[in-house]
file entry.cif (mmCIF, N, CA and C atoms)
data_upload
loop_
_atom_site.label_atom_id
_atom_site.label_comp_id
_atom_site.auth_asym_id
_atom_site.auth_seq_id
_atom_site.Cartn_x
_atom_site.Cartn_y
_atom_site.Cartn_z
N MET A 1 -51.83 -34.14 -134.72
CA MET A 1 -53.26 -34.20 -134.93
C MET A 1 -53.75 -32.84 -135.38
N VAL A 2 -54.60 -32.80 -136.38
CA VAL A 2 -55.12 -31.55 -136.91
C VAL A 2 -56.56 -31.40 -136.48
N ALA A 3 -56.89 -30.29 -135.85
CA ALA A 3 -58.27 -30.01 -135.45
C ALA A 3 -59.06 -29.57 -136.66
N ALA A 4 -60.38 -29.63 -136.55
CA ALA A 4 -61.26 -29.32 -137.68
C ALA A 4 -61.01 -27.93 -138.25
N GLY A 5 -60.72 -26.95 -137.43
CA GLY A 5 -60.53 -25.59 -137.90
C GLY A 5 -59.12 -25.25 -138.33
N ASP A 6 -58.20 -26.23 -138.25
CA ASP A 6 -56.80 -25.94 -138.54
C ASP A 6 -56.44 -26.04 -140.01
N GLY A 7 -57.29 -26.63 -140.84
CA GLY A 7 -56.98 -26.78 -142.26
C GLY A 7 -57.21 -25.48 -143.00
N PRO A 8 -56.83 -25.44 -144.28
CA PRO A 8 -57.07 -24.23 -145.06
C PRO A 8 -58.56 -23.98 -145.21
N TRP A 9 -58.94 -22.76 -145.17
CA TRP A 9 -60.34 -22.41 -145.28
C TRP A 9 -60.72 -22.32 -146.73
N LEU A 10 -60.91 -23.48 -147.35
CA LEU A 10 -61.22 -23.56 -148.77
C LEU A 10 -62.51 -24.32 -148.97
N ASP A 11 -63.22 -23.99 -149.99
CA ASP A 11 -64.41 -24.71 -150.40
C ASP A 11 -64.25 -24.99 -151.88
N ASP A 12 -64.41 -26.24 -152.31
CA ASP A 12 -64.16 -26.60 -153.70
C ASP A 12 -64.95 -25.74 -154.68
N ALA A 13 -66.18 -25.45 -154.36
CA ALA A 13 -67.03 -24.68 -155.29
C ALA A 13 -66.78 -23.18 -155.19
N ALA A 14 -66.63 -22.68 -153.97
CA ALA A 14 -66.54 -21.23 -153.78
C ALA A 14 -65.11 -20.71 -153.72
N GLY A 15 -64.15 -21.59 -153.50
CA GLY A 15 -62.78 -21.14 -153.34
C GLY A 15 -62.51 -20.80 -151.89
N ARG A 16 -61.56 -19.91 -151.66
CA ARG A 16 -61.19 -19.51 -150.30
C ARG A 16 -62.38 -18.84 -149.63
N LEU A 17 -62.71 -19.31 -148.42
CA LEU A 17 -63.84 -18.76 -147.69
C LEU A 17 -63.49 -17.48 -146.94
N VAL A 18 -62.21 -17.31 -146.65
CA VAL A 18 -61.74 -16.08 -146.01
C VAL A 18 -60.84 -15.39 -147.02
N ARG A 19 -61.13 -14.15 -147.33
CA ARG A 19 -60.34 -13.42 -148.31
C ARG A 19 -58.91 -13.23 -147.82
N PRO A 20 -57.93 -13.30 -148.71
CA PRO A 20 -56.53 -13.26 -148.30
C PRO A 20 -56.15 -12.08 -147.41
N PHE A 21 -56.66 -10.90 -147.69
CA PHE A 21 -56.24 -9.73 -146.91
C PHE A 21 -56.89 -9.70 -145.53
N THR A 22 -57.89 -10.57 -145.31
CA THR A 22 -58.44 -10.72 -143.97
C THR A 22 -57.40 -11.38 -143.07
N VAL A 23 -56.62 -12.28 -143.66
CA VAL A 23 -55.59 -13.00 -142.93
C VAL A 23 -54.56 -12.04 -142.34
N SER A 24 -54.25 -10.98 -143.08
CA SER A 24 -53.25 -10.00 -142.62
C SER A 24 -53.90 -8.77 -141.99
N ASN A 25 -55.18 -8.88 -141.64
CA ASN A 25 -55.93 -7.75 -141.06
C ASN A 25 -55.91 -6.53 -141.97
N GLY A 26 -55.91 -6.77 -143.27
CA GLY A 26 -55.94 -5.68 -144.24
C GLY A 26 -54.60 -5.03 -144.50
N ARG A 27 -53.55 -5.46 -143.80
CA ARG A 27 -52.23 -4.87 -144.00
C ARG A 27 -51.64 -5.35 -145.32
N THR A 28 -51.02 -4.44 -146.03
CA THR A 28 -50.41 -4.79 -147.32
C THR A 28 -48.91 -4.54 -147.35
N LYS A 29 -48.36 -4.04 -146.26
CA LYS A 29 -46.92 -3.78 -146.21
C LYS A 29 -46.31 -4.51 -145.02
N PRO A 30 -45.34 -5.38 -145.32
CA PRO A 30 -44.65 -6.05 -144.21
C PRO A 30 -43.78 -5.05 -143.46
N SER A 31 -43.49 -5.37 -142.20
CA SER A 31 -42.68 -4.46 -141.38
C SER A 31 -41.19 -4.54 -141.72
N ILE A 32 -40.78 -5.58 -142.44
CA ILE A 32 -39.39 -5.71 -142.87
C ILE A 32 -39.37 -6.00 -144.37
N ALA A 33 -38.25 -5.72 -144.99
CA ALA A 33 -38.12 -5.97 -146.43
C ALA A 33 -37.85 -7.45 -146.66
N LEU A 34 -38.73 -8.09 -147.43
CA LEU A 34 -38.56 -9.49 -147.79
C LEU A 34 -38.66 -9.63 -149.30
N ASP A 35 -37.70 -10.32 -149.86
CA ASP A 35 -37.70 -10.63 -151.29
C ASP A 35 -38.37 -11.99 -151.44
N LEU A 36 -38.91 -12.29 -152.61
CA LEU A 36 -39.53 -13.60 -152.82
C LEU A 36 -38.53 -14.74 -152.61
N MET A 37 -37.26 -14.46 -152.86
CA MET A 37 -36.24 -15.50 -152.70
C MET A 37 -35.54 -15.44 -151.35
N SER A 38 -35.94 -14.52 -150.48
CA SER A 38 -35.38 -14.47 -149.13
C SER A 38 -35.64 -15.79 -148.43
N GLN A 39 -34.67 -16.24 -147.65
CA GLN A 39 -34.81 -17.48 -146.90
C GLN A 39 -35.30 -17.16 -145.49
N VAL A 40 -36.29 -17.91 -145.03
CA VAL A 40 -36.80 -17.76 -143.66
C VAL A 40 -36.67 -19.10 -142.96
N MET A 41 -36.43 -19.04 -141.64
CA MET A 41 -36.28 -20.27 -140.86
C MET A 41 -36.72 -20.01 -139.42
N ALA A 42 -37.38 -21.00 -138.85
CA ALA A 42 -37.83 -20.90 -137.46
C ALA A 42 -36.64 -20.85 -136.53
N THR A 43 -36.77 -20.05 -135.48
CA THR A 43 -35.70 -19.91 -134.49
C THR A 43 -35.89 -20.84 -133.29
N GLY A 44 -37.10 -21.36 -133.13
CA GLY A 44 -37.41 -22.17 -131.96
C GLY A 44 -38.09 -21.38 -130.86
N VAL A 45 -38.13 -20.06 -131.02
CA VAL A 45 -38.80 -19.20 -130.05
C VAL A 45 -40.31 -19.32 -130.25
N THR A 46 -41.04 -19.52 -129.17
CA THR A 46 -42.50 -19.61 -129.24
C THR A 46 -43.07 -18.20 -129.21
N PRO A 47 -43.87 -17.84 -130.23
CA PRO A 47 -44.46 -16.50 -130.25
C PRO A 47 -45.42 -16.31 -129.08
N LEU A 48 -45.37 -15.14 -128.49
CA LEU A 48 -46.30 -14.80 -127.41
C LEU A 48 -47.54 -14.15 -128.01
N GLY A 49 -48.68 -14.37 -127.41
CA GLY A 49 -49.90 -13.76 -127.89
C GLY A 49 -50.55 -14.61 -128.98
N TYR A 50 -51.68 -14.13 -129.46
CA TYR A 50 -52.44 -14.88 -130.45
C TYR A 50 -51.88 -14.69 -131.84
N LEU A 51 -51.69 -15.78 -132.53
CA LEU A 51 -51.36 -15.77 -133.95
C LEU A 51 -52.42 -16.61 -134.64
N GLY A 52 -52.81 -16.18 -135.81
CA GLY A 52 -53.84 -16.91 -136.55
C GLY A 52 -53.33 -18.25 -137.07
N PRO A 53 -54.23 -19.06 -137.61
CA PRO A 53 -53.83 -20.37 -138.11
C PRO A 53 -52.82 -20.28 -139.26
N GLU A 54 -52.90 -19.22 -140.06
CA GLU A 54 -51.94 -19.07 -141.16
C GLU A 54 -50.53 -18.80 -140.63
N HIS A 55 -50.44 -18.05 -139.52
CA HIS A 55 -49.13 -17.83 -138.89
C HIS A 55 -48.54 -19.17 -138.45
N ALA A 56 -49.38 -19.99 -137.82
CA ALA A 56 -48.92 -21.30 -137.34
C ALA A 56 -48.50 -22.19 -138.50
N GLN A 57 -49.25 -22.16 -139.59
CA GLN A 57 -48.90 -22.96 -140.77
C GLN A 57 -47.58 -22.48 -141.35
N ALA A 58 -47.41 -21.17 -141.45
CA ALA A 58 -46.17 -20.61 -141.99
C ALA A 58 -44.99 -21.00 -141.11
N LEU A 59 -45.14 -20.90 -139.81
CA LEU A 59 -44.07 -21.25 -138.88
C LEU A 59 -43.71 -22.72 -139.02
N ASP A 60 -44.70 -23.57 -139.19
CA ASP A 60 -44.46 -25.00 -139.37
C ASP A 60 -43.68 -25.28 -140.65
N LEU A 61 -43.97 -24.52 -141.71
CA LEU A 61 -43.27 -24.69 -142.99
C LEU A 61 -41.80 -24.27 -142.90
N CYS A 62 -41.49 -23.45 -141.92
CA CYS A 62 -40.14 -22.85 -141.83
C CYS A 62 -39.22 -23.60 -140.87
N ARG A 63 -39.50 -24.87 -140.61
CA ARG A 63 -38.61 -25.64 -139.73
C ARG A 63 -37.22 -25.77 -140.34
N ALA A 64 -37.17 -25.81 -141.67
CA ALA A 64 -35.90 -25.80 -142.41
C ALA A 64 -35.92 -24.53 -143.26
N PRO A 65 -34.77 -24.03 -143.68
CA PRO A 65 -34.76 -22.82 -144.51
C PRO A 65 -35.63 -22.99 -145.75
N VAL A 66 -36.45 -22.01 -146.01
CA VAL A 66 -37.38 -22.05 -147.14
C VAL A 66 -37.54 -20.63 -147.67
N SER A 67 -37.81 -20.50 -148.96
CA SER A 67 -37.99 -19.16 -149.54
C SER A 67 -39.39 -18.63 -149.26
N VAL A 68 -39.51 -17.33 -149.29
CA VAL A 68 -40.80 -16.67 -149.11
C VAL A 68 -41.78 -17.16 -150.18
N ALA A 69 -41.31 -17.32 -151.41
CA ALA A 69 -42.17 -17.78 -152.51
C ALA A 69 -42.72 -19.18 -152.23
N GLU A 70 -41.90 -20.06 -151.67
CA GLU A 70 -42.37 -21.41 -151.36
C GLU A 70 -43.42 -21.39 -150.26
N VAL A 71 -43.23 -20.56 -149.25
CA VAL A 71 -44.22 -20.45 -148.18
C VAL A 71 -45.54 -19.96 -148.76
N ALA A 72 -45.49 -18.95 -149.62
CA ALA A 72 -46.71 -18.41 -150.23
C ALA A 72 -47.43 -19.50 -151.04
N ALA A 73 -46.67 -20.29 -151.77
CA ALA A 73 -47.28 -21.36 -152.58
C ALA A 73 -47.95 -22.40 -151.69
N HIS A 74 -47.28 -22.80 -150.62
CA HIS A 74 -47.86 -23.81 -149.73
C HIS A 74 -49.10 -23.28 -149.01
N LEU A 75 -49.08 -22.01 -148.64
CA LEU A 75 -50.23 -21.42 -147.94
C LEU A 75 -51.36 -21.05 -148.89
N ARG A 76 -51.04 -21.02 -150.19
CA ARG A 76 -52.02 -20.60 -151.21
C ARG A 76 -52.51 -19.18 -150.95
N LEU A 77 -51.55 -18.32 -150.63
CA LEU A 77 -51.84 -16.91 -150.36
C LEU A 77 -50.99 -16.05 -151.30
N PRO A 78 -51.47 -14.84 -151.60
CA PRO A 78 -50.64 -13.92 -152.38
C PRO A 78 -49.33 -13.63 -151.65
N ALA A 79 -48.29 -13.37 -152.42
CA ALA A 79 -46.97 -13.12 -151.84
C ALA A 79 -46.99 -11.97 -150.84
N VAL A 80 -47.72 -10.90 -151.14
CA VAL A 80 -47.72 -9.75 -150.24
C VAL A 80 -48.35 -10.11 -148.89
N VAL A 81 -49.38 -10.93 -148.88
CA VAL A 81 -50.00 -11.36 -147.63
C VAL A 81 -49.03 -12.26 -146.87
N THR A 82 -48.37 -13.16 -147.57
CA THR A 82 -47.39 -14.04 -146.95
C THR A 82 -46.25 -13.24 -146.34
N LYS A 83 -45.79 -12.20 -147.03
CA LYS A 83 -44.72 -11.36 -146.50
C LYS A 83 -45.14 -10.68 -145.20
N VAL A 84 -46.40 -10.26 -145.11
CA VAL A 84 -46.91 -9.64 -143.88
C VAL A 84 -46.91 -10.66 -142.75
N LEU A 85 -47.40 -11.88 -143.02
CA LEU A 85 -47.42 -12.92 -142.00
C LEU A 85 -46.00 -13.26 -141.52
N LEU A 86 -45.09 -13.42 -142.48
CA LEU A 86 -43.71 -13.76 -142.12
C LEU A 86 -43.04 -12.63 -141.35
N SER A 87 -43.33 -11.38 -141.73
CA SER A 87 -42.73 -10.26 -141.00
C SER A 87 -43.25 -10.20 -139.56
N ASP A 88 -44.52 -10.58 -139.35
CA ASP A 88 -45.05 -10.67 -137.98
C ASP A 88 -44.24 -11.68 -137.17
N LEU A 89 -43.93 -12.82 -137.79
CA LEU A 89 -43.18 -13.87 -137.11
C LEU A 89 -41.72 -13.46 -136.86
N VAL A 90 -41.15 -12.70 -137.77
CA VAL A 90 -39.79 -12.18 -137.56
C VAL A 90 -39.81 -11.17 -136.42
N ASP A 91 -40.82 -10.30 -136.41
CA ASP A 91 -40.93 -9.27 -135.37
C ASP A 91 -41.02 -9.86 -133.96
N CYS A 92 -41.69 -11.01 -133.84
CA CYS A 92 -41.83 -11.61 -132.49
C CYS A 92 -40.70 -12.60 -132.18
N GLY A 93 -39.72 -12.71 -133.08
CA GLY A 93 -38.55 -13.54 -132.82
C GLY A 93 -38.70 -15.01 -133.19
N ALA A 94 -39.83 -15.40 -133.78
CA ALA A 94 -40.05 -16.80 -134.11
C ALA A 94 -39.37 -17.23 -135.40
N LEU A 95 -39.04 -16.26 -136.26
CA LEU A 95 -38.37 -16.54 -137.53
C LEU A 95 -37.13 -15.67 -137.67
N THR A 96 -36.18 -16.17 -138.41
CA THR A 96 -35.03 -15.38 -138.82
C THR A 96 -35.03 -15.38 -140.35
N THR A 97 -34.43 -14.36 -140.93
CA THR A 97 -34.42 -14.25 -142.38
C THR A 97 -33.05 -13.81 -142.87
N LYS A 98 -32.76 -14.20 -144.09
CA LYS A 98 -31.54 -13.71 -144.73
C LYS A 98 -31.85 -13.47 -146.20
N PRO A 99 -31.24 -12.46 -146.76
CA PRO A 99 -31.50 -12.15 -148.17
C PRO A 99 -30.97 -13.27 -149.06
N PRO A 100 -31.50 -13.36 -150.27
CA PRO A 100 -31.01 -14.40 -151.18
C PRO A 100 -29.55 -14.18 -151.52
N ALA A 101 -28.83 -15.27 -151.65
CA ALA A 101 -27.42 -15.20 -152.05
C ALA A 101 -27.32 -15.62 -153.50
N PHE A 102 -26.81 -14.74 -154.32
CA PHE A 102 -26.64 -15.06 -155.73
C PHE A 102 -25.22 -15.54 -155.94
N HIS A 103 -25.11 -16.75 -156.48
CA HIS A 103 -23.79 -17.28 -156.79
C HIS A 103 -23.39 -16.92 -158.22
N HIS A 104 -24.36 -16.47 -158.97
CA HIS A 104 -24.13 -16.06 -160.36
C HIS A 104 -24.66 -14.65 -160.52
N ASN A 105 -24.16 -13.98 -161.50
CA ASN A 105 -24.71 -12.67 -161.84
C ASN A 105 -26.10 -12.91 -162.42
N PRO A 106 -27.19 -12.39 -161.81
CA PRO A 106 -28.55 -12.69 -162.28
C PRO A 106 -28.81 -12.18 -163.70
N THR A 107 -27.95 -11.34 -164.23
CA THR A 107 -28.14 -10.87 -165.61
C THR A 107 -27.12 -11.51 -166.55
N ASP A 108 -26.46 -12.56 -166.08
CA ASP A 108 -25.49 -13.28 -166.90
C ASP A 108 -26.22 -13.92 -168.09
N ARG A 109 -25.76 -13.63 -169.28
CA ARG A 109 -26.43 -14.10 -170.51
C ARG A 109 -26.54 -15.62 -170.56
N SER A 110 -25.50 -16.33 -170.18
CA SER A 110 -25.54 -17.80 -170.24
C SER A 110 -26.59 -18.36 -169.26
N LEU A 111 -26.71 -17.74 -168.09
CA LEU A 111 -27.72 -18.17 -167.13
C LEU A 111 -29.12 -17.93 -167.68
N LEU A 112 -29.35 -16.74 -168.24
CA LEU A 112 -30.66 -16.43 -168.80
C LEU A 112 -31.01 -17.36 -169.96
N GLU A 113 -30.02 -17.70 -170.79
CA GLU A 113 -30.26 -18.62 -171.90
C GLU A 113 -30.59 -20.02 -171.40
N ALA A 114 -29.93 -20.45 -170.34
CA ALA A 114 -30.22 -21.77 -169.75
C ALA A 114 -31.64 -21.81 -169.21
N VAL A 115 -32.08 -20.75 -168.56
CA VAL A 115 -33.45 -20.66 -168.07
C VAL A 115 -34.43 -20.72 -169.22
N LEU A 116 -34.16 -19.95 -170.28
CA LEU A 116 -35.03 -19.94 -171.45
C LEU A 116 -35.10 -21.32 -172.08
N ASP A 117 -33.97 -22.01 -172.21
CA ASP A 117 -33.95 -23.36 -172.77
C ASP A 117 -34.79 -24.32 -171.93
N GLY A 118 -34.66 -24.21 -170.62
CA GLY A 118 -35.45 -25.05 -169.72
C GLY A 118 -36.94 -24.79 -169.86
N LEU A 119 -37.32 -23.54 -169.99
CA LEU A 119 -38.73 -23.20 -170.17
C LEU A 119 -39.26 -23.73 -171.50
N ARG A 120 -38.46 -23.64 -172.53
CA ARG A 120 -38.88 -24.15 -173.84
C ARG A 120 -39.10 -25.65 -173.79
N ARG A 121 -38.25 -26.37 -173.07
CA ARG A 121 -38.41 -27.82 -172.95
C ARG A 121 -39.69 -28.20 -172.21
N GLN A 122 -40.15 -27.33 -171.33
CA GLN A 122 -41.36 -27.60 -170.57
C GLN A 122 -42.62 -27.37 -171.39
N LEU A 123 -42.52 -26.59 -172.45
CA LEU A 123 -43.70 -26.29 -173.28
C LEU A 123 -43.87 -27.27 -174.34
#
call {"tool": "encode", "arguments": {"input": "entry.cif", "output": "structure tokens"}}
result
Amino acid sequence: MVAAGDGPWLDDAAGRLVRPFTVSNGRTKPSIALDLMSQVMATGVTPLGYLGPEHAQALDLCRAPVSVAEVAAHLRLPAVVTKVLLSDLVDCGALTTKPPAFHHNPTDRSLLEAVLDGLRRQL
């Protein structure tokens, strides 16, 4: 069950009613290094103390491994704000993280050409 105040603070005409950096208390640097493709997952540990609704939403999204970029997209928050929220959850033991694993060389010409071909098909 979702309480009235638990949904995203959005207004169709005005947009977000709470500015993104208010969510992170003005912090712009996470306490740990997180890449957009880093995987985060809930540990099952219940965080102690108060966490905002965005922290709870992020934790809920991380029941299965998910990338930082995906969490940011679902929360509709800038990546840097999402990284701060996720680092708070890692710091209190509620989340675990691992760096992205590349199975291919990210500068491999054939991989880059395949990405370019896919993008062209979308346009």
call {"tool": "residues_around", "arguments": {"input": "entry.cif", "residues": "A:Thr46", "least_positions_apart": "6", "cutoff": "8 Å", "atoms": "all atoms listed in the file", "output": "number ranges by chain"}}
result
A: 92-94
call {"tool": "closest_residue", "arguments": {"input": "entry.cif", "among": "A:Ala64, A:Gly49, A:Met37, A:His55", "to": "A:Leu85", "atoms": "all atoms listed in the file"}}
result
A:His55
call {"tool": "closest_residue", "arguments": {"input": "entry.cif", "among": "A:Leu119, A:Ile32, A:Leu61, A:Leu111", "to": "A:Ser87", "atoms": "only N, CA and C atoms"}}
result
A:Ile32
call {"tool": "resolve_selection", "arguments": {"input": "entry.cif", "expression": "the PyMOL selection byres ((chain A and resi 68) around 8)", "output": "count of residues only"}}
result
19
call {"tool": "atom_distance", "arguments": {"input": "entry.cif", "atom1": "atom CA of A:Pro99", "atom2": "atom CA of A:Gln122"}}
result
28.9 Å
call {"tool": "closest_residue", "arguments": {"input": "entry.cif", "among": "A:Gly44, A:Leu112, A:Thr96, A:Gln57", "to": "A:Arg76", "atoms": "only C-alpha atoms"}}
result
A:Gln57
call {"tool": "atom_distance", "arguments": {"input": "entry.cif", "atom1": "atom CA of A:Ala33", "atom2": "atom CA of A:Val84"}}
result
9.9 Å
call {"tool": "atom_distance", "arguments": {"input": "entry.cif", "atom1": "atom CA of A:Leu77", "atom2": "atom CA of A:Ala101"}}
result
24.5 Å
call {"tool": "resolve_selection", "arguments": {"input": "entry.cif", "expression": "the PyMOL selection byres (((chain A and resi 42 and name CA) around 6) and name CA)", "output": "list in words"}}
result
Met41, Thr43, Gly44, Cys62, Arg63, Ala94 and Leu95 of chain A
call {"tool": "select_by_dssp", "arguments": {"input": "entry.cif", "residues": "stretch 21-97 of chain A", "states": "alpha helix (DSSP H)", "output": "PDB file with N, CA and C atoms, keeping the file's coordinate frame"}}
result
ATOM      1  N   PHE A  21     -56.660 -10.900-147.690  1.00  0.00           N
ATOM      2  CA  PHE A  21     -56.240  -9.730-146.910  1.00  0.00           C
ATOM      3  C   PHE A  21     -56.890  -9.700-145.530  1.00  0.00           C
ATOM      4  N   THR A  22     -57.890 -10.570-145.310  1.00  0.00           N
ATOM      5  CA  THR A  22     -58.440 -10.720-143.970  1.00  0.00           C
ATOM      6  C   THR A  22     -57.400 -11.380-143.070  1.00  0.00           C
ATOM      7  N   VAL A  23     -56.620 -12.280-143.660  1.00  0.00           N
ATOM      8  CA  VAL A  23     -55.590 -13.000-142.930  1.00  0.00           C
ATOM      9  C   VAL A  23     -54.560 -12.040-142.340  1.00  0.00           C
ATOM     10  N   PRO A  53     -54.230 -19.060-137.610  1.00  0.00           N
ATOM     11  CA  PRO A  53     -53.830 -20.370-138.110  1.00  0.00           C
ATOM     12  C   PRO A  53     -52.820 -20.280-139.260  1.00  0.00           C
ATOM     13  N   GLU A  54     -52.900 -19.220-140.060  1.00  0.00           N
ATOM     14  CA  GLU A  54     -51.940 -19.070-141.160  1.00  0.00           C
ATOM     15  C   GLU A  54     -50.530 -18.800-140.630  1.00  0.00           C
ATOM     16  N   HIS A  55     -50.440 -18.050-139.520  1.00  0.00           N
ATOM     17  CA  HIS A  55     -49.130 -17.830-138.890  1.00  0.00           C
ATOM     18  C   HIS A  55     -48.540 -19.170-138.450  1.00  0.00           C
ATOM     19  N   ALA A  56     -49.380 -19.990-137.820  1.00  0.00           N
ATOM     20  CA  ALA A  56     -48.920 -21.300-137.340  1.00  0.00           C
ATOM     21  C   ALA A  56     -48.500 -22.190-138.500  1.00  0.00           C
ATOM     22  N   GLN A  57     -49.250 -22.160-139.590  1.00  0.00           N
ATOM     23  CA  GLN A  57     -48.900 -22.960-140.770  1.00  0.00           C
ATOM     24  C   GLN A  57     -47.580 -22.480-141.350  1.00  0.00           C
ATOM     25  N   ALA A  58     -47.410 -21.170-141.450  1.00  0.00           N
ATOM     26  CA  ALA A  58     -46.170 -20.610-141.990  1.00  0.00           C
ATOM     27  C   ALA A  58     -44.990 -21.000-141.110  1.00  0.00           C
ATOM     28  N   LEU A  59     -45.140 -20.900-139.810  1.00  0.00           N
ATOM     29  CA  LEU A  59     -44.070 -21.250-138.880  1.00  0.00           C
ATOM     30  C   LEU A  59     -43.710 -22.720-139.020  1.00  0.00           C
ATOM     31  N   ASP A  60     -44.700 -23.570-139.190  1.00  0.00           N
ATOM     32  CA  ASP A  60     -44.460 -25.000-139.370  1.00  0.00           C
ATOM     33  C   ASP A  60     -43.680 -25.280-140.650  1.00  0.00           C
ATOM     34  N   LEU A  61     -43.970 -24.520-141.710  1.00  0.00           N
ATOM     35  CA  LEU A  61     -43.270 -24.690-142.990  1.00  0.00           C
ATOM     36  C   LEU A  61     -41.800 -24.270-142.900  1.00  0.00           C
ATOM     37  N   VAL A  68     -39.510 -17.330-149.290  1.00  0.00           N
ATOM     38  CA  VAL A  68     -40.800 -16.670-149.110  1.00  0.00           C
ATOM     39  C   VAL A  68     -41.780 -17.160-150.180  1.00  0.00           C
ATOM     40  N   ALA A  69     -41.310 -17.320-151.410  1.00  0.00           N
ATOM     41  CA  ALA A  69     -42.170 -17.780-152.510  1.00  0.00           C
ATOM     42  C   ALA A  69     -42.720 -19.180-152.230  1.00  0.00           C
ATOM     43  N   GLU A  70     -41.900 -20.060-151.670  1.00  0.00           N
ATOM     44  CA  GLU A  70     -42.370 -21.410-151.360  1.00  0.00           C
ATOM     45  C   GLU A  70     -43.420 -21.390-150.260  1.00  0.00           C
ATOM     46  N   VAL A  71     -43.230 -20.560-149.250  1.00  0.00           N
ATOM     47  CA  VAL A  71     -44.220 -20.450-148.180  1.00  0.00           C
ATOM     48  C   VAL A  71     -45.540 -19.960-148.760  1.00  0.00           C
ATOM     49  N   ALA A  72     -45.490 -18.950-149.620  1.00  0.00           N
ATOM     50  CA  ALA A  72     -46.710 -18.410-150.230  1.00  0.00           C
ATOM     51  C   ALA A  72     -47.430 -19.500-151.040  1.00  0.00           C
ATOM     52  N   ALA A  73     -46.670 -20.290-151.770  1.00  0.00           N
ATOM     53  CA  ALA A  73     -47.280 -21.360-152.580  1.00  0.00           C
ATOM     54  C   ALA A  73     -47.950 -22.400-151.690  1.00  0.00           C
ATOM     55  N   HIS A  74     -47.280 -22.800-150.620  1.00  0.00           N
ATOM     56  CA  HIS A  74     -47.860 -23.810-149.730  1.00  0.00           C
ATOM     57  C   HIS A  74     -49.100 -23.280-149.010  1.00  0.00           C
ATOM     58  N   LEU A  75     -49.080 -22.010-148.640  1.00  0.00           N
ATOM     59  CA  LEU A  75     -50.230 -21.420-147.940  1.00  0.00           C
ATOM     60  C   LEU A  75     -51.360 -21.050-148.890  1.00  0.00           C
ATOM     61  N   ALA A  79     -48.290 -13.370-152.420  1.00  0.00           N
ATOM     62  CA  ALA A  79     -46.970 -13.120-151.840  1.00  0.00           C
ATOM     63  C   ALA A  79     -46.990 -11.970-150.840  1.00  0.00           C
ATOM     64  N   VAL A  80     -47.720 -10.900-151.140  1.00  0.00           N
ATOM     65  CA  VAL A  80     -47.720  -9.750-150.240  1.00  0.00           C
ATOM     66  C   VAL A  80     -48.350 -10.110-148.890  1.00  0.00           C
ATOM     67  N   VAL A  81     -49.380 -10.930-148.880  1.00  0.00           N
ATOM     68  CA  VAL A  81     -50.000 -11.360-147.630  1.00  0.00           C
ATOM     69  C   VAL A  81     -49.030 -12.260-146.870  1.00  0.00           C
ATOM     70  N   THR A  82     -48.370 -13.160-147.570  1.00  0.00           N
ATOM     71  CA  THR A  82     -47.390 -14.040-146.950  1.00  0.00           C
ATOM     72  C   THR A  82     -46.250 -13.240-146.340  1.00  0.00           C
ATOM     73  N   LYS A  83     -45.790 -12.200-147.030  1.00  0.00           N
ATOM     74  CA  LYS A  83     -44.720 -11.360-146.500  1.00  0.00           C
ATOM     75  C   LYS A  83     -45.140 -10.680-145.200  1.00  0.00           C
ATOM     76  N   VAL A  84     -46.400 -10.260-145.110  1.00  0.00           N
ATOM     77  CA  VAL A  84     -46.910  -9.640-143.880  1.00  0.00           C
ATOM     78  C   VAL A  84     -46.910 -10.660-142.750  1.00  0.00           C
ATOM     79  N   LEU A  85     -47.400 -11.880-143.020  1.00  0.00           N
ATOM     80  CA  LEU A  85     -47.420 -12.920-142.000  1.00  0.00           C
ATOM     81  C   LEU A  85     -46.000 -13.260-141.520  1.00  0.00           C
ATOM     82  N   LEU A  86     -45.090 -13.420-142.480  1.00  0.00           N
ATOM     83  CA  LEU A  86     -43.710 -13.760-142.120  1.00  0.00           C
ATOM     84  C   LEU A  86     -43.040 -12.630-141.350  1.00  0.00           C
ATOM     85  N   SER A  87     -43.330 -11.380-141.730  1.00  0.00           N
ATOM     86  CA  SER A  87     -42.730 -10.260-141.000  1.00  0.00           C
ATOM     87  C   SER A  87     -43.250 -10.200-139.560  1.00  0.00           C
ATOM     88  N   ASP A  88     -44.520 -10.580-139.350  1.00  0.00           N
ATOM     89  CA  ASP A  88     -45.050 -10.670-137.980  1.00  0.00           C
ATOM     90  C   ASP A  88     -44.240 -11.680-137.170  1.00  0.00           C
ATOM     91  N   LEU A  89     -43.930 -12.820-137.790  1.00  0.00           N
ATOM     92  CA  LEU A  89     -43.180 -13.870-137.110  1.00  0.00           C
ATOM     93  C   LEU A  89     -41.720 -13.460-136.860  1.00  0.00           C
ATOM     94  N   VAL A  90     -41.150 -12.700-137.770  1.00  0.00           N
ATOM     95  CA  VAL A  90     -39.790 -12.180-137.560  1.00  0.00           C
ATOM     96  C   VAL A  90     -39.810 -11.170-136.420  1.00  0.00           C
ATOM     97  N   ASP A  91     -40.820 -10.300-136.410  1.00  0.00           N
ATOM     98  CA  ASP A  91     -40.930  -9.270-135.370  1.00  0.00           C
ATOM     99  C   ASP A  91     -41.020  -9.860-133.960  1.00  0.00           C
TER     100      ASP A  91
END
call {"tool": "closest_residue", "arguments": {"input": "entry.cif", "among": "A:Lys98, A:Leu116, A:Leu89, A:Ser110", "to": "A:Pro30", "atoms": "only C-alpha atoms"}}
result
A:Leu89
call {"tool": "select_by_dssp", "arguments": {"input": "entry.cif", "residues": "stretch 14-121 of chain A", "states": "strand (DSSP E)", "output": "list in words"}}
result
Gly15, Arg16, Gln39, Val40, Met41, Ala42, Val66, Ser67, Leu95, Thr96, Thr97 and Lys98 of chain A
